[in-house]
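Student: Sharing a structure with you now.
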Amino acid sequence: MSGPADELQQLEKLLHGIRIPPQPEILVEIDKELRQAESDLPRIARLIHSDVFLSAGVLKVVNSVQFGLRRRVESVHQAVTLLGLDRLRNMLSAVVLKRSMEAYGLPSMPRYWDSAPAIASAAMEIARRVSRIPPDEAYTLGLFSDVGIPLLAGRFPDYIETLKLANSREKGRFTDLEEARYDTSHAVVGFYMAASWHLSPANQEAINSHHHVVDILGRNVPGGREVETRLAVLKLAERAEHLCNRHQDPDPEWAQIGPQVMDYLGLSEPDFQELMDDLLEQLRTL
């Protein structure tokens, strides 16, 4: 019977030697608890509390303005009790992602680690205001959506050049150039990492298809409207991050998909501008 290590080796072979960081042990333990008839919340709280990094990270995220709690959470035990295991697992995935990538010897890529938390925070706020997606699910999606980028950079020496070219293309999908050069894309790689870390099926599919928005919104796709709405929320969050940090750079993808995303979420132009103004003010405080 194959274990997680064997599955990772098979996955890396399928992805042309791209290394996928293994799911952290704390997430493995929570997955075990989720499969139990009665989950042991105090045990999970003790596991998290034993790691200063995890404890601080969970409290920081759960007490963030974007999370919208009415009172401050003072302890990990309180966070576990308040959130429940499913929501807590999303928070932990976000907290441990960067540390896991660094421990696996992948490139640091400061621009990625600047943009990913901003997209995640914006996605959380958008989900809270204009969709029924749980805010913690939107946060996790925002953080993991481009996780395949540092994974590809760790495998292919010329990937940064490819990334720059893909970002500057005015037509076609972002992933077209990746697929032509490497026979895979950051969306596909991110999907497999999301699957191996047991993110929700809807988030896995949204990561896999987040550069196929024009083909998917309003269509019959796996996961239905749950995936479609995640994609629309993610693209709004990416637009907000772009305006905040790269406002002078062109945004070719938004030029292609923006009207469709706004229409799908029922946002008029004034609604969109008001939302962007609020998100930009929020992101500048991060």
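Following the order of the structure tokens, first chain is A, next is B, and so on, with residues numbered from 1 inside each chain and ligands from 1 in the order they appear.
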Can you pull out the residues contacting range 146-150 of chain A? Cut-off 7 Å, using only C-alpha atoms, and skip same-chain residues under 4 positions away; I want them as a VMD selection string.
Tutor: chain A and resid 106 to 107 109 154 186 to 187 189 to 190
Student: Residues within 12 Å of Glu228 in chain A, please, as a short mmCIF file (atom, residue, chain, number, x, y, z; two decimals) with N, CA, C and O atoms, in the first residue's frame. Count only C-alpha atoms; anything in the same chain fewer than 6 positions from it doesn't count.
Tutor:
```
data_model
loop_
_atom_site.label_atom_id
_atom_site.label_comp_id
_atom_site.auth_asym_id
_atom_site.auth_seq_id
_atom_site.Cartn_x
_atom_site.Cartn_y
_atom_site.Cartn_z
N SER A 131 -20.55 37.49 -2.22
CA SER A 131 -20.80 36.09 -2.56
C SER A 131 -21.12 35.30 -1.30
O SER A 131 -21.03 35.82 -0.18
N ARG A 132 -21.47 34.05 -1.50
CA ARG A 132 -21.77 33.17 -0.38
C ARG A 132 -20.61 32.22 -0.07
O ARG A 132 -20.76 31.29 0.71
N ILE A 133 -19.47 32.44 -0.67
CA ILE A 133 -18.30 31.62 -0.37
C ILE A 133 -17.84 31.92 1.05
O ILE A 133 -17.74 33.09 1.43
N ALA A 202 -13.70 22.29 -4.48
CA ALA A 202 -14.03 23.49 -5.26
C ALA A 202 -12.82 24.39 -5.42
O ALA A 202 -12.60 24.97 -6.50
N ASN A 203 -12.00 24.53 -4.38
CA ASN A 203 -10.79 25.32 -4.50
C ASN A 203 -9.77 24.65 -5.41
O ASN A 203 -9.07 25.33 -6.18
N GLU A 205 -10.41 22.82 -8.03
CA GLU A 205 -10.85 23.04 -9.41
C GLU A 205 -10.69 24.49 -9.82
O GLU A 205 -10.33 24.79 -10.97
N ALA A 206 -10.93 25.42 -8.90
CA ALA A 206 -10.75 26.85 -9.22
C ALA A 206 -9.28 27.15 -9.51
O ALA A 206 -8.97 27.92 -10.43
N ILE A 207 -8.36 26.57 -8.75
CA ILE A 207 -6.93 26.76 -9.01
C ILE A 207 -6.58 26.20 -10.37
O ILE A 207 -5.85 26.82 -11.16
N SER A 209 -8.37 25.95 -12.99
CA SER A 209 -9.01 26.62 -14.13
C SER A 209 -8.97 28.14 -14.05
O SER A 209 -9.70 28.81 -14.78
N HIS A 210 -8.09 28.71 -13.20
CA HIS A 210 -8.20 30.15 -12.96
C HIS A 210 -7.68 31.01 -14.10
O HIS A 210 -7.80 32.23 -14.04
N HIS A 212 -8.88 30.15 -17.21
CA HIS A 212 -9.87 29.78 -18.22
C HIS A 212 -11.22 30.40 -17.89
O HIS A 212 -12.27 29.83 -18.16
N VAL A 213 -11.20 31.58 -17.31
CA VAL A 213 -12.42 32.20 -16.81
C VAL A 213 -13.43 32.45 -17.92
O VAL A 213 -14.62 32.19 -17.76
N VAL A 214 -12.97 32.95 -19.06
CA VAL A 214 -13.88 33.26 -20.17
C VAL A 214 -14.63 32.01 -20.60
O VAL A 214 -15.82 32.07 -20.95
N ASP A 215 -13.97 30.86 -20.57
CA ASP A 215 -14.59 29.62 -21.01
C ASP A 215 -15.53 29.03 -19.97
O ASP A 215 -16.33 28.14 -20.29
N ILE A 216 -15.42 29.48 -18.72
CA ILE A 216 -16.10 28.79 -17.62
C ILE A 216 -17.29 29.56 -17.06
O ILE A 216 -18.33 28.97 -16.78
N LEU A 217 -17.18 30.87 -16.87
CA LEU A 217 -18.26 31.61 -16.24
C LEU A 217 -19.57 31.44 -17.00
O LEU A 217 -19.65 31.68 -18.20
N GLY A 218 -20.59 31.01 -16.28
CA GLY A 218 -21.89 30.81 -16.90
C GLY A 218 -22.03 29.50 -17.63
O GLY A 218 -23.08 29.23 -18.21
N ARG A 219 -21.00 28.65 -17.60
CA ARG A 219 -21.07 27.36 -18.28
C ARG A 219 -21.24 26.24 -17.27
O ARG A 219 -21.09 26.41 -16.07
N ASN A 220 -21.53 25.04 -17.79
CA ASN A 220 -21.68 23.86 -16.95
C ASN A 220 -20.31 23.23 -16.74
O ASN A 220 -19.78 22.55 -17.61
N VAL A 221 -19.70 23.49 -15.58
CA VAL A 221 -18.35 23.00 -15.30
C VAL A 221 -18.38 22.13 -14.05
O VAL A 221 -19.32 22.19 -13.26
N PRO A 222 -17.34 21.29 -13.83
CA PRO A 222 -17.28 20.50 -12.60
C PRO A 222 -17.34 21.40 -11.37
O PRO A 222 -16.61 22.36 -11.26
N LEU A 234 -11.88 35.45 -7.13
CA LEU A 234 -10.42 35.46 -7.25
C LEU A 234 -9.96 36.52 -8.24
O LEU A 234 -8.99 37.26 -7.98
N LYS A 235 -10.63 36.63 -9.37
CA LYS A 235 -10.20 37.60 -10.39
C LYS A 235 -10.42 39.04 -9.93
O LYS A 235 -9.62 39.93 -10.25
N GLN A 260 -17.01 40.37 -17.99
CA GLN A 260 -17.70 39.11 -17.72
C GLN A 260 -17.74 38.81 -16.22
O GLN A 260 -18.75 38.34 -15.69
N VAL A 261 -16.64 39.10 -15.53
CA VAL A 261 -16.60 38.87 -14.08
C VAL A 261 -17.60 39.78 -13.37
O VAL A 261 -18.36 39.34 -12.50
N TYR A 264 -21.12 38.60 -14.04
CA TYR A 264 -21.44 37.36 -13.32
C TYR A 264 -21.81 37.65 -11.87
O TYR A 264 -22.74 37.05 -11.32
N LEU A 265 -21.09 38.57 -11.23
CA LEU A 265 -21.35 38.90 -9.82
C LEU A 265 -22.40 39.98 -9.65
O LEU A 265 -22.73 40.35 -8.52
#
```
Student: State, in Å with one decimal place, the distance from CA of Asp114 in chain A to CA of Asn245 in chain A.
Tutor: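 Taking CA of Asp114 in chain A and CA of Asn245 in chain A, their separation equals 9.2 Å.
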Student: I'd like to know which of A:Met124, A:Arg89, A:Val227, A:Leu69 is closest to Glu33 in chain A, using only C-alpha atoms.
Tutor: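 Going through A:Met124, A:Arg89, A:Val227, A:Leu69 one by one, the smallest distance to Glu33 in chain A is for A:Arg89.
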